[in-house]
>>> print(open('upload.csv').read())   # CSV, N, CA and C atoms
chain,number,residue,atom,x,y,z
A,18,MET,N,0.8,-1.2,0.0
A,18,MET,CA,0.0,0.0,0.0
A,18,MET,C,0.9,1.2,0.0
A,19,ALA,N,0.5,2.2,-0.8
A,19,ALA,CA,1.3,3.4,-0.9
A,19,ALA,C,1.2,4.3,0.4
A,20,ARG,N,2.3,4.9,0.8
A,20,ARG,CA,2.2,5.8,1.9
A,20,ARG,C,1.8,7.1,1.5
A,21,VAL,N,0.9,7.8,2.2
A,21,VAL,CA,0.4,9.1,1.8
A,21,VAL,C,0.8,10.1,2.9
A,22,ASP,N,1.4,11.2,2.6
A,22,ASP,CA,1.7,12.2,3.6
A,22,ASP,C,0.4,12.8,4.1
A,23,GLY,N,0.4,13.3,5.3
A,23,GLY,CA,-0.8,13.9,5.8
A,23,GLY,C,-1.3,15.1,5.0
A,24,ASP,N,-0.4,15.8,4.4
A,24,ASP,CA,-0.8,16.9,3.5
A,24,ASP,C,-0.8,16.6,2.0
A,25,GLY,N,-0.3,15.4,1.7
A,25,GLY,CA,-0.3,15.1,0.2
A,25,GLY,C,0.7,15.8,-0.6
A,26,LEU,N,1.6,16.5,0.0
A,26,LEU,CA,2.5,17.4,-0.7
A,26,LEU,C,3.5,16.6,-1.6
A,27,ALA,N,4.1,15.5,-1.0
A,27,ALA,CA,5.0,14.7,-1.7
A,27,ALA,C,4.4,14.2,-3.0
A,28,GLU,N,3.2,13.6,-2.9
A,28,GLU,CA,2.5,13.0,-4.0
A,28,GLU,C,2.2,14.1,-5.1
A,29,ALA,N,2.0,15.3,-4.6
A,29,ALA,CA,1.7,16.4,-5.6
A,29,ALA,C,2.9,16.6,-6.5
A,30,PHE,N,4.1,16.5,-5.9
A,30,PHE,CA,5.3,16.7,-6.7
A,30,PHE,C,5.6,15.5,-7.5
A,31,LEU,N,5.4,14.3,-6.9
A,31,LEU,CA,5.8,13.0,-7.5
A,31,LEU,C,4.8,12.7,-8.7
A,32,ARG,N,3.6,13.2,-8.5
A,32,ARG,CA,2.5,13.0,-9.5
A,32,ARG,C,2.1,11.5,-9.6
A,33,GLU,N,2.5,10.7,-8.7
A,33,GLU,CA,2.0,9.3,-8.6
A,33,GLU,C,2.3,8.8,-7.2
A,34,PRO,N,1.6,7.7,-6.8
A,34,PRO,CA,1.8,7.2,-5.4
A,34,PRO,C,3.1,6.4,-5.3
A,35,ARG,N,3.6,6.5,-4.1
A,35,ARG,CA,4.8,5.7,-3.7
A,35,ARG,C,4.2,4.3,-3.3
A,36,ARG,N,4.8,3.3,-3.9
A,36,ARG,CA,4.3,1.9,-3.6
A,36,ARG,C,5.3,0.8,-3.5
A,37,TYR,N,6.6,1.2,-3.7
A,37,TYR,CA,7.7,0.2,-3.7
A,37,TYR,C,8.8,0.5,-2.7
A,38,THR,N,9.5,-0.5,-2.2
A,38,THR,CA,10.8,-0.3,-1.5
A,38,THR,C,11.9,-0.4,-2.5
A,39,SER,N,13.1,0.0,-2.1
A,39,SER,CA,14.3,0.0,-3.0
A,39,SER,C,14.5,-1.4,-3.5
A,40,HIS,N,14.3,-2.4,-2.6
A,40,HIS,CA,14.6,-3.8,-3.0
A,40,HIS,C,13.6,-4.2,-4.1
A,41,GLN,N,12.3,-3.8,-3.9
A,41,GLN,CA,11.3,-4.2,-4.9
A,41,GLN,C,11.6,-3.6,-6.3
A,42,VAL,N,12.1,-2.3,-6.3
A,42,VAL,CA,12.4,-1.6,-7.5
A,42,VAL,C,13.6,-2.3,-8.2
A,43,ALA,N,14.6,-2.6,-7.4
A,43,ALA,CA,15.8,-3.3,-8.0
A,43,ALA,C,15.4,-4.6,-8.6
A,44,GLU,N,14.6,-5.4,-7.9
A,44,GLU,CA,14.1,-6.7,-8.3
A,44,GLU,C,13.4,-6.5,-9.7
A,45,MET,N,12.5,-5.6,-9.7
A,45,MET,CA,11.7,-5.4,-11.0
A,45,MET,C,12.6,-5.0,-12.1
A,46,ALA,N,13.7,-4.3,-11.8
A,46,ALA,CA,14.6,-3.9,-12.9
A,46,ALA,C,15.6,-5.0,-13.2
A,47,GLY,N,15.7,-6.0,-12.3
A,47,GLY,CA,16.6,-7.1,-12.6
A,47,GLY,C,18.0,-6.9,-12.2
A,48,VAL,N,18.2,-6.1,-11.1
A,48,VAL,CA,19.6,-5.8,-10.6
A,48,VAL,C,19.6,-5.9,-9.1
A,49,PRO,N,20.8,-6.2,-8.6
A,49,PRO,CA,20.9,-6.1,-7.1
A,49,PRO,C,20.7,-4.7,-6.6
A,50,VAL,N,20.2,-4.6,-5.4
A,50,VAL,CA,19.9,-3.3,-4.9
A,50,VAL,C,21.2,-2.4,-4.8
A,51,TYR,N,22.4,-3.0,-4.5
A,51,TYR,CA,23.6,-2.1,-4.4
A,51,TYR,C,23.8,-1.4,-5.8
A,52,ARG,N,23.5,-2.1,-6.9
A,52,ARG,CA,23.8,-1.5,-8.2
A,52,ARG,C,22.7,-0.4,-8.5
A,53,ALA,N,21.5,-0.7,-8.1
A,53,ALA,CA,20.4,0.4,-8.2
A,53,ALA,C,20.8,1.6,-7.4
A,54,ARG,N,21.3,1.4,-6.2
A,54,ARG,CA,21.7,2.5,-5.4
A,54,ARG,C,22.8,3.4,-6.0
A,55,ARG,N,23.7,2.7,-6.7
A,55,ARG,CA,24.7,3.5,-7.4
A,55,ARG,C,24.1,4.5,-8.4
A,56,PHE,N,23.1,4.1,-9.1
A,56,PHE,CA,22.4,5.0,-10.1
A,56,PHE,C,21.6,6.1,-9.3
A,57,TRP,N,20.9,5.7,-8.3
A,57,TRP,CA,20.2,6.7,-7.5
A,57,TRP,C,21.1,7.7,-6.8
A,58,ARG,N,22.2,7.3,-6.3
A,58,ARG,CA,23.2,8.2,-5.7
A,58,ARG,C,23.7,9.2,-6.8
A,59,ALA,N,24.0,8.6,-8.0
A,59,ALA,CA,24.5,9.5,-9.1
A,59,ALA,C,23.4,10.5,-9.5
A,60,LEU,N,22.2,10.2,-9.4
A,60,LEU,CA,21.1,11.1,-9.7
A,60,LEU,C,20.9,12.1,-8.5
A,61,GLY,N,21.5,11.9,-7.4
A,61,GLY,CA,21.5,12.8,-6.3
A,61,GLY,C,20.5,12.4,-5.2
A,62,PHE,N,20.0,11.2,-5.3
A,62,PHE,CA,19.0,10.7,-4.3
A,62,PHE,C,19.7,10.1,-3.1
A,63,ALA,N,19.1,10.3,-1.9
A,63,ALA,CA,19.6,9.8,-0.7
A,63,ALA,C,19.2,8.3,-0.6
A,64,ASN,N,20.0,7.5,0.2
A,64,ASN,CA,19.6,6.2,0.5
A,64,ASN,C,18.4,6.3,1.5
A,65,VAL,N,17.5,5.3,1.4
A,65,VAL,CA,16.4,5.3,2.3
A,65,VAL,C,16.4,3.9,3.0
A,66,PRO,N,15.8,3.8,4.1
A,66,PRO,CA,15.7,2.4,4.8
A,66,PRO,C,15.2,1.4,3.8
A,67,ASP,N,15.7,0.2,4.0
A,67,ASP,CA,15.2,-0.9,3.1
A,67,ASP,C,13.7,-1.2,3.1
A,68,ASP,N,13.1,-0.9,4.2
A,68,ASP,CA,11.6,-1.2,4.3
A,68,ASP,C,10.8,0.0,4.0
A,69,ALA,N,11.4,1.1,3.6
A,69,ALA,CA,10.6,2.4,3.3
A,69,ALA,C,10.0,2.3,2.0
A,70,VAL,N,8.7,2.5,1.9
A,70,VAL,CA,7.9,2.6,0.7
A,70,VAL,C,8.0,4.0,0.1
A,71,GLU,N,9.0,4.2,-0.7
A,71,GLU,CA,9.4,5.6,-1.2
A,71,GLU,C,9.4,5.7,-2.7
A,72,PHE,N,9.2,4.6,-3.4
A,72,PHE,CA,9.4,4.5,-4.8
A,72,PHE,C,8.1,4.3,-5.6
A,73,THR,N,8.2,4.9,-6.8
A,73,THR,CA,7.0,4.9,-7.7
A,73,THR,C,7.3,4.0,-9.0
A,74,ASP,N,6.2,3.9,-9.8
A,74,ASP,CA,6.4,3.3,-11.1
A,74,ASP,C,7.5,4.0,-11.9
A,75,SER,N,7.5,5.3,-11.8
A,75,SER,CA,8.5,6.1,-12.6
A,75,SER,C,10.0,5.7,-12.1
A,76,ASP,N,10.1,5.4,-10.9
A,76,ASP,CA,11.5,5.0,-10.4
A,76,ASP,C,11.9,3.7,-11.1
A,77,VAL,N,10.9,2.8,-11.2
A,77,VAL,CA,11.2,1.5,-11.9
A,77,VAL,C,11.6,1.7,-13.3
A,78,GLU,N,10.8,2.6,-14.0
A,78,GLU,CA,11.1,2.8,-15.4
A,78,GLU,C,12.4,3.6,-15.6
A,79,ALA,N,12.7,4.5,-14.7
A,79,ALA,CA,14.0,5.3,-14.8
A,79,ALA,C,15.2,4.3,-14.7
A,80,LEU,N,15.1,3.5,-13.7
A,80,LEU,CA,16.2,2.5,-13.5
A,80,LEU,C,16.3,1.6,-14.7
A,81,LYS,N,15.2,1.1,-15.2
A,81,LYS,CA,15.3,0.2,-16.4
A,81,LYS,C,15.9,1.0,-17.6
A,82,THR,N,15.6,2.3,-17.7
A,82,THR,CA,16.1,3.1,-18.8
A,82,THR,C,17.6,3.2,-18.6
A,83,LEU,N,18.1,3.6,-17.4
A,83,LEU,CA,19.5,3.7,-17.2
A,83,LEU,C,20.3,2.4,-17.5
A,84,LEU,N,19.7,1.3,-17.0
A,84,LEU,CA,20.3,0.0,-17.2
A,84,LEU,C,20.3,-0.4,-18.7
A,85,GLY,N,19.2,0.0,-19.4
A,85,GLY,CA,19.1,-0.3,-20.8
A,85,GLY,C,20.1,0.3,-21.6
A,86,MET,N,20.5,1.5,-21.2
A,86,MET,CA,21.6,2.3,-21.9
A,86,MET,C,22.9,1.5,-21.8
A,87,VAL,N,23.1,0.8,-20.7
A,87,VAL,CA,24.3,0.0,-20.5
A,87,VAL,C,24.2,-1.3,-21.3
A,88,THR,N,23.1,-2.0,-21.1
A,88,THR,CA,23.0,-3.4,-21.7
A,88,THR,C,22.9,-3.3,-23.2
A,89,SER,N,22.4,-2.2,-23.8
A,89,SER,CA,22.3,-2.0,-25.2
A,89,SER,C,23.7,-1.8,-25.8
A,90,GLY,N,24.6,-1.4,-25.0
A,90,GLY,CA,26.0,-1.1,-25.5
A,90,GLY,C,26.1,0.3,-25.9
A,91,VAL,N,25.1,1.2,-25.8
A,91,VAL,CA,25.2,2.6,-26.2
A,91,VAL,C,26.3,3.3,-25.4
A,92,TYR,N,26.3,3.0,-24.1
A,92,TYR,CA,27.2,3.5,-23.1
A,92,TYR,C,27.7,2.4,-22.2
A,93,ASP,N,28.9,2.6,-21.6
A,93,ASP,CA,29.2,1.7,-20.5
A,93,ASP,C,28.7,2.3,-19.2
A,94,GLU,N,28.7,1.5,-18.2
A,94,GLU,CA,28.1,1.9,-16.9
A,94,GLU,C,28.7,3.2,-16.3
A,95,GLU,N,30.0,3.4,-16.5
A,95,GLU,CA,30.6,4.6,-15.9
A,95,GLU,C,30.1,5.9,-16.7
A,96,HIS,N,29.9,5.7,-18.0
A,96,HIS,CA,29.3,6.9,-18.7
A,96,HIS,C,27.9,7.1,-18.4
A,97,VAL,N,27.1,6.1,-18.1
A,97,VAL,CA,25.7,6.3,-17.7
A,97,VAL,C,25.7,7.0,-16.3
A,98,LEU,N,26.6,6.6,-15.5
A,98,LEU,CA,26.7,7.2,-14.2
A,98,LEU,C,27.0,8.7,-14.3
A,99,LEU,N,27.9,9.0,-15.2
A,99,LEU,CA,28.2,10.5,-15.5
A,99,LEU,C,27.0,11.2,-16.0
A,100,ILE,N,26.2,10.6,-16.9
A,100,ILE,CA,25.0,11.2,-17.4
A,100,ILE,C,24.0,11.4,-16.3
A,101,ALA,N,23.9,10.4,-15.4
A,101,ALA,CA,23.0,10.5,-14.3
A,101,ALA,C,23.4,11.7,-13.3
A,102,ARG,N,24.7,11.8,-13.1
A,102,ARG,CA,25.2,12.9,-12.3
A,102,ARG,C,24.9,14.3,-12.9
A,103,SER,N,25.0,14.4,-14.2
A,103,SER,CA,24.7,15.6,-14.9
A,103,SER,C,23.2,16.0,-14.8
A,104,LEU,N,22.4,15.0,-15.0
A,104,LEU,CA,21.0,15.2,-14.9
A,104,LEU,C,20.6,15.5,-13.4
A,105,GLY,N,21.2,14.9,-12.5
A,105,GLY,CA,20.9,15.1,-11.1
A,105,GLY,C,21.3,16.5,-10.7
A,106,ARG,N,22.4,17.0,-11.1
A,106,ARG,CA,22.8,18.4,-10.8
A,106,ARG,C,21.9,19.4,-11.5
A,107,ALA,N,21.6,19.2,-12.7
A,107,ALA,CA,20.7,20.1,-13.4
A,107,ALA,C,19.3,20.2,-12.8
A,108,THR,N,18.7,19.0,-12.4
A,108,THR,CA,17.4,19.1,-11.9
A,108,THR,C,17.4,19.6,-10.4
A,109,THR,N,18.5,19.4,-9.7
A,109,THR,CA,18.6,19.9,-8.4
A,109,THR,C,18.6,21.5,-8.5
A,110,ARG,N,19.3,22.0,-9.4
A,110,ARG,CA,19.3,23.5,-9.6
A,110,ARG,C,17.8,24.0,-9.9
A,111,LEU,N,17.2,23.2,-10.8
A,111,LEU,CA,15.8,23.6,-11.2
A,111,LEU,C,14.9,23.5,-9.9
A,112,ALA,N,15.0,22.5,-9.2
A,112,ALA,CA,14.1,22.3,-8.0
A,112,ALA,C,14.4,23.4,-7.0
A,113,GLU,N,15.7,23.8,-6.8
A,113,GLU,CA,16.0,24.8,-5.8
A,113,GLU,C,15.5,26.2,-6.3
A,114,SER,N,15.6,26.5,-7.6
A,114,SER,CA,15.1,27.7,-8.1
A,114,SER,C,13.5,27.8,-8.0
A,115,GLN,N,12.9,26.7,-8.2
A,115,GLN,CA,11.4,26.6,-8.1
A,115,GLN,C,11.0,26.8,-6.7
A,116,ALA,N,11.7,26.2,-5.7
A,116,ALA,CA,11.4,26.3,-4.3
A,116,ALA,C,11.5,27.8,-3.9
A,117,GLU,N,12.6,28.5,-4.4
A,117,GLU,CA,12.8,29.9,-4.0
A,117,GLU,C,11.7,30.7,-4.6
A,118,LEU,N,11.4,30.5,-5.9
A,118,LEU,CA,10.3,31.3,-6.6
A,118,LEU,C,8.9,31.0,-5.9
A,119,GLY,N,8.7,29.8,-5.6
A,119,GLY,CA,7.4,29.4,-4.9
A,119,GLY,C,7.3,30.1,-3.6
A,120,ALA,N,8.3,30.0,-2.8
A,120,ALA,CA,8.3,30.6,-1.5
A,120,ALA,C,8.1,32.1,-1.6
A,121,GLU,N,8.8,32.8,-2.5
A,121,GLU,CA,8.6,34.2,-2.7
A,121,GLU,C,7.1,34.5,-3.1
A,122,ALA,N,6.6,33.7,-4.0
A,122,ALA,CA,5.2,33.9,-4.5
A,122,ALA,C,4.2,33.8,-3.3
A,123,LEU,N,4.4,32.8,-2.4
A,123,LEU,CA,3.5,32.6,-1.3
A,123,LEU,C,3.7,33.7,-0.3
A,124,ASP,N,4.9,34.1,-0.1
A,124,ASP,CA,5.2,35.3,0.8
A,124,ASP,C,4.5,36.5,0.3
A,125,HIS,N,4.7,36.8,-1.0
A,125,HIS,CA,4.0,37.9,-1.7
A,125,HIS,C,2.5,37.9,-1.5
A,126,ALA,N,2.0,36.7,-1.7
A,126,ALA,CA,0.5,36.6,-1.6
A,126,ALA,C,0.0,36.6,-0.1
A,127,GLY,N,0.9,36.6,0.8
A,127,GLY,CA,0.5,36.6,2.2
A,127,GLY,C,-0.1,35.3,2.7
A,128,VAL,N,0.3,34.2,2.2
A,128,VAL,CA,-0.2,32.9,2.6
A,128,VAL,C,0.3,32.6,4.0
A,129,PRO,N,-0.5,32.4,5.0
A,129,PRO,CA,-0.1,32.0,6.3
A,129,PRO,C,0.7,30.7,6.4
A,130,LEU,N,1.6,30.6,7.3
A,130,LEU,CA,2.4,29.4,7.4
A,130,LEU,C,1.6,28.1,7.5
A,131,ALA,N,0.5,28.2,8.3
A,131,ALA,CA,-0.4,27.0,8.5
A,131,ALA,C,-1.0,26.5,7.2
A,132,GLU,N,-1.1,27.4,6.2
A,132,GLU,CA,-1.7,27.0,4.9
A,132,GLU,C,-0.7,26.7,3.8
A,133,ARG,N,0.6,26.8,4.1
A,133,ARG,CA,1.6,26.6,3.1
A,133,ARG,C,1.6,25.2,2.5
A,134,PRO,N,1.5,24.2,3.3
A,134,PRO,CA,1.5,22.8,2.6
A,134,PRO,C,0.4,22.7,1.6
A,135,ARG,N,-0.9,23.2,1.9
A,135,ARG,CA,-1.9,23.1,0.9
A,135,ARG,C,-1.7,24.0,-0.3
A,136,ALA,N,-1.1,25.2,-0.1
A,136,ALA,CA,-0.8,26.1,-1.2
A,136,ALA,C,0.3,25.5,-2.0
A,137,TRP,N,1.3,24.9,-1.4
A,137,TRP,CA,2.4,24.2,-2.2
A,137,TRP,C,1.8,23.1,-3.1
A,138,ARG,N,0.9,22.3,-2.5
A,138,ARG,CA,0.3,21.2,-3.2
A,138,ARG,C,-0.5,21.7,-4.4
A,139,ARG,N,-1.3,22.8,-4.3
A,139,ARG,CA,-2.0,23.4,-5.4
A,139,ARG,C,-1.0,23.9,-6.4
A,140,ARG,N,0.0,24.5,-6.0
A,140,ARG,CA,1.1,25.1,-6.9
A,140,ARG,C,1.7,23.9,-7.7
A,141,ALA,N,2.1,22.9,-7.0
A,141,ALA,CA,2.7,21.7,-7.7
A,141,ALA,C,1.8,21.1,-8.7
A,142,GLU,N,0.5,21.0,-8.4
A,142,GLU,CA,-0.5,20.5,-9.4
A,142,GLU,C,-0.6,21.3,-10.6
A,143,ARG,N,-0.3,22.6,-10.5
A,143,ARG,CA,-0.4,23.5,-11.7
A,143,ARG,C,0.9,23.6,-12.4
A,144,VAL,N,2.0,23.6,-11.7
A,144,VAL,CA,3.3,23.9,-12.3
A,144,VAL,C,4.1,22.7,-12.7
A,145,VAL,N,4.1,21.6,-12.0
A,145,VAL,CA,4.9,20.4,-12.3
A,145,VAL,C,4.7,19.9,-13.7
A,146,PRO,N,3.4,19.7,-14.2
A,146,PRO,CA,3.3,19.2,-15.5
A,146,PRO,C,3.9,20.1,-16.6
A,147,ASP,N,3.7,21.4,-16.5
A,147,ASP,CA,4.3,22.3,-17.4
A,147,ASP,C,5.8,22.3,-17.4
A,148,LEU,N,6.4,22.3,-16.2
A,148,LEU,CA,7.8,22.2,-16.1
A,148,LEU,C,8.4,20.9,-16.7
A,149,ALA,N,7.7,19.8,-16.5
A,149,ALA,CA,8.2,18.6,-17.1
A,149,ALA,C,8.2,18.7,-18.6
A,150,LYS,N,7.2,19.2,-19.2
A,150,LYS,CA,7.2,19.4,-20.6
A,150,LYS,C,8.3,20.3,-21.1
A,151,LEU,N,8.5,21.4,-20.4
A,151,LEU,CA,9.6,22.3,-20.8
A,151,LEU,C,10.9,21.7,-20.6
A,152,LEU,N,11.1,20.9,-19.6
A,152,LEU,CA,12.4,20.3,-19.3
A,152,LEU,C,12.7,19.4,-20.5
A,153,VAL,N,11.8,18.6,-20.9
A,153,VAL,CA,12.0,17.7,-22.1
A,153,VAL,C,12.3,18.5,-23.3
A,154,TYR,N,11.5,19.6,-23.5
A,154,TYR,CA,11.7,20.4,-24.7
A,154,TYR,C,13.1,21.1,-24.7
A,155,ALA,N,13.5,21.6,-23.5
A,155,ALA,CA,14.8,22.3,-23.5
A,155,ALA,C,15.9,21.3,-23.7
>>> encode(input="upload.csv", output="structure tokens")
Amino acid sequence: MARVDGDGLAEAFLREPRRYTSHQVAEMAGVPVYRARRFWRALGFANVPDDAVEFTDSDVEALKTLLGMVTSGVYDEEHVLLIARSLGRATTRLAESQAELGAEALDHAGVPLAERPRAWRRRAERVVPDLAKLLVYA
């Protein structure tokens, strides 16, 4: 069963429910969890406890995509890890800038702190799909 935050904020940004542990994702991708974690760390993700249900269907697909780049012979694993690090750094900068812009917008609008999680969730629902399209376009 997927874990749901009390305010639903994480799911608003993820755009899908969390339903898998790291071991389940690695198994679905056909690799040992230590190898999956190498890719996740390269992308900039922190390790999570083994029993934590933190992963989505997109995590499974992303890991399969990275591994597919290696198994197809397009890149070796070290090059795929370099690509993952580059993507991780770029998306970290995007997330940080969006967090700053979002906080400024909520401050400017005078949204009280108690209402911030709900306001962030609404903002994510409006902004994330468009940013995803623009990221692919760019």
>>> atom_distance(input="upload.csv", atom1="CA of Asn64 (chain A)", atom2="CA of Glu95 (chain A)")
19.8 Å
>>> atom_distance(input="upload.csv", atom1="atom C of Pro146 (chain A)", atom2="atom N of Ala116 (chain A)")
14.7 Å
>>> atom_distance(input="upload.csv", atom1="CA of Thr108 (chain A)", atom2="CA of Ala131 (chain A)")
28.2 Å
>>> select_by_dssp(input="upload.csv", residues="chain A", states="helix (DSSP H, G or I)", output="PyMOL selection string")
chain A and resi 26-31+39-46+50-60+74-88+94-126+130-154
>>> residues_near_point(input="upload.csv", point="(14.0, -2.3, 3.7)", cutoff="9 Å", atoms="only C-alpha atoms", output="PyMOL selection string")
chain A and resi 38-40+65-70
>>> closest_residue(input="upload.csv", among="A:His125, A:Leu148, A:Gly90, A:Ala101", to="Trp57 (chain A)", atoms="only N, CA and C atoms")
A:Ala101
>>> closest_residue(input="upload.csv", among="A:Leu60, A:Ala149, A:Val144, A:Val128", to="Ile100 (chain A)", atoms="only C-alpha atoms")
A:Leu60
>>> residues_around(input="upload.csv", residues="region 45-55 of chain A", least_positions_apart="4", cutoff="12 Å", atoms="only C-alpha atoms", output="number ranges by chain")
A: 37-41, 59-67, 72-85, 88, 94-95, 97-99, 101-102
>>> build_atoms(input="upload.csv", residues="region 130-138 of chain A", atoms="all heavy atoms", output="PDB file, in the frame of the given file")
ATOM      1  N   LEU A 130       1.600  30.600   7.300  1.00  0.00           N
ATOM      2  CA  LEU A 130       2.400  29.400   7.400  1.00  0.00           C
ATOM      3  C   LEU A 130       1.600  28.100   7.500  1.00  0.00           C
ATOM      4  O   LEU A 130       1.915  27.070   6.956  1.00  0.00           O
ATOM      5  CB  LEU A 130       3.408  29.471   8.566  1.00  0.00           C
ATOM      6  CG  LEU A 130       4.544  30.460   8.395  1.00  0.00           C
ATOM      7  CD1 LEU A 130       5.402  30.511   9.659  1.00  0.00           C
ATOM      8  CD2 LEU A 130       5.400  30.094   7.189  1.00  0.00           C
ATOM      9  N   ALA A 131       0.500  28.200   8.300  1.00  0.00           N
ATOM     10  CA  ALA A 131      -0.400  27.000   8.500  1.00  0.00           C
ATOM     11  C   ALA A 131      -1.000  26.500   7.200  1.00  0.00           C
ATOM     12  O   ALA A 131      -1.329  25.339   7.041  1.00  0.00           O
ATOM     13  CB  ALA A 131      -1.444  27.311   9.492  1.00  0.00           C
ATOM     14  N   GLU A 132      -1.100  27.400   6.200  1.00  0.00           N
ATOM     15  CA  GLU A 132      -1.700  27.000   4.900  1.00  0.00           C
ATOM     16  C   GLU A 132      -0.700  26.700   3.800  1.00  0.00           C
ATOM     17  O   GLU A 132      -1.105  26.410   2.696  1.00  0.00           O
ATOM     18  CB  GLU A 132      -2.676  28.161   4.466  1.00  0.00           C
ATOM     19  CG  GLU A 132      -3.872  28.342   5.386  1.00  0.00           C
ATOM     20  CD  GLU A 132      -4.780  29.473   4.941  1.00  0.00           C
ATOM     21  OE1 GLU A 132      -4.831  29.760   3.734  1.00  0.00           O
ATOM     22  OE2 GLU A 132      -5.428  30.067   5.813  1.00  0.00           O
ATOM     23  N   ARG A 133       0.600  26.800   4.100  1.00  0.00           N
ATOM     24  CA  ARG A 133       1.600  26.600   3.100  1.00  0.00           C
ATOM     25  C   ARG A 133       1.600  25.200   2.500  1.00  0.00           C
ATOM     26  O   ARG A 133       1.683  25.132   1.267  1.00  0.00           O
ATOM     27  CB  ARG A 133       2.996  26.936   3.686  1.00  0.00           C
ATOM     28  CG  ARG A 133       3.220  28.398   4.051  1.00  0.00           C
ATOM     29  CD  ARG A 133       3.476  29.231   2.809  1.00  0.00           C
ATOM     30  NE  ARG A 133       3.474  30.644   3.101  1.00  0.00           N
ATOM     31  CZ  ARG A 133       4.547  31.425   3.061  1.00  0.00           C
ATOM     32  NH1 ARG A 133       5.715  30.927   2.735  1.00  0.00           N
ATOM     33  NH2 ARG A 133       4.438  32.700   3.338  1.00  0.00           N
ATOM     34  N   PRO A 134       1.500  24.200   3.300  1.00  0.00           N
ATOM     35  CA  PRO A 134       1.500  22.800   2.600  1.00  0.00           C
ATOM     36  C   PRO A 134       0.400  22.700   1.600  1.00  0.00           C
ATOM     37  O   PRO A 134       0.590  22.218   0.460  1.00  0.00           O
ATOM     38  CB  PRO A 134       1.249  21.853   3.762  1.00  0.00           C
ATOM     39  CG  PRO A 134       1.810  22.566   4.943  1.00  0.00           C
ATOM     40  CD  PRO A 134       1.445  24.024   4.728  1.00  0.00           C
ATOM     41  N   ARG A 135      -0.900  23.200   1.900  1.00  0.00           N
ATOM     42  CA  ARG A 135      -1.900  23.100   0.900  1.00  0.00           C
ATOM     43  C   ARG A 135      -1.700  24.000  -0.300  1.00  0.00           C
ATOM     44  O   ARG A 135      -1.916  23.621  -1.449  1.00  0.00           O
ATOM     45  CB  ARG A 135      -3.263  23.499   1.583  1.00  0.00           C
ATOM     46  CG  ARG A 135      -4.466  23.074   0.757  1.00  0.00           C
ATOM     47  CD  ARG A 135      -5.752  23.349   1.459  1.00  0.00           C
ATOM     48  NE  ARG A 135      -6.085  24.748   1.185  1.00  0.00           N
ATOM     49  CZ  ARG A 135      -6.778  25.527   1.982  1.00  0.00           C
ATOM     50  NH1 ARG A 135      -7.232  25.065   3.116  1.00  0.00           N
ATOM     51  NH2 ARG A 135      -7.043  26.773   1.648  1.00  0.00           N
ATOM     52  N   ALA A 136      -1.100  25.200  -0.100  1.00  0.00           N
ATOM     53  CA  ALA A 136      -0.800  26.100  -1.200  1.00  0.00           C
ATOM     54  C   ALA A 136       0.300  25.500  -2.000  1.00  0.00           C
ATOM     55  O   ALA A 136       0.243  25.608  -3.264  1.00  0.00           O
ATOM     56  CB  ALA A 136      -0.351  27.453  -0.593  1.00  0.00           C
ATOM     57  N   TRP A 137       1.300  24.900  -1.400  1.00  0.00           N
ATOM     58  CA  TRP A 137       2.400  24.200  -2.200  1.00  0.00           C
ATOM     59  C   TRP A 137       1.800  23.100  -3.100  1.00  0.00           C
ATOM     60  O   TRP A 137       2.189  22.873  -4.198  1.00  0.00           O
ATOM     61  CB  TRP A 137       3.468  23.665  -1.303  1.00  0.00           C
ATOM     62  CG  TRP A 137       4.554  24.645  -0.995  1.00  0.00           C
ATOM     63  CD1 TRP A 137       4.785  25.251   0.199  1.00  0.00           C
ATOM     64  CD2 TRP A 137       5.562  25.140  -1.879  1.00  0.00           C
ATOM     65  NE1 TRP A 137       5.872  26.086   0.093  1.00  0.00           N
ATOM     66  CE2 TRP A 137       6.369  26.031  -1.162  1.00  0.00           C
ATOM     67  CE3 TRP A 137       5.848  24.907  -3.232  1.00  0.00           C
ATOM     68  CZ2 TRP A 137       7.446  26.703  -1.731  1.00  0.00           C
ATOM     69  CZ3 TRP A 137       6.921  25.567  -3.798  1.00  0.00           C
ATOM     70  CH2 TRP A 137       7.707  26.451  -3.058  1.00  0.00           C
ATOM     71  N   ARG A 138       0.900  22.300  -2.500  1.00  0.00           N
ATOM     72  CA  ARG A 138       0.300  21.200  -3.200  1.00  0.00           C
ATOM     73  C   ARG A 138      -0.500  21.700  -4.400  1.00  0.00           C
ATOM     74  O   ARG A 138      -0.336  21.214  -5.544  1.00  0.00           O
ATOM     75  CB  ARG A 138      -0.662  20.405  -2.299  1.00  0.00           C
ATOM     76  CG  ARG A 138      -1.181  19.131  -2.934  1.00  0.00           C
ATOM     77  CD  ARG A 138      -2.024  18.295  -1.969  1.00  0.00           C
ATOM     78  NE  ARG A 138      -3.169  19.027  -1.462  1.00  0.00           N
ATOM     79  CZ  ARG A 138      -3.306  19.475  -0.208  1.00  0.00           C
ATOM     80  NH1 ARG A 138      -2.361  19.263   0.674  1.00  0.00           N
ATOM     81  NH2 ARG A 138      -4.393  20.130   0.162  1.00  0.00           N
TER      82      ARG A 138
END
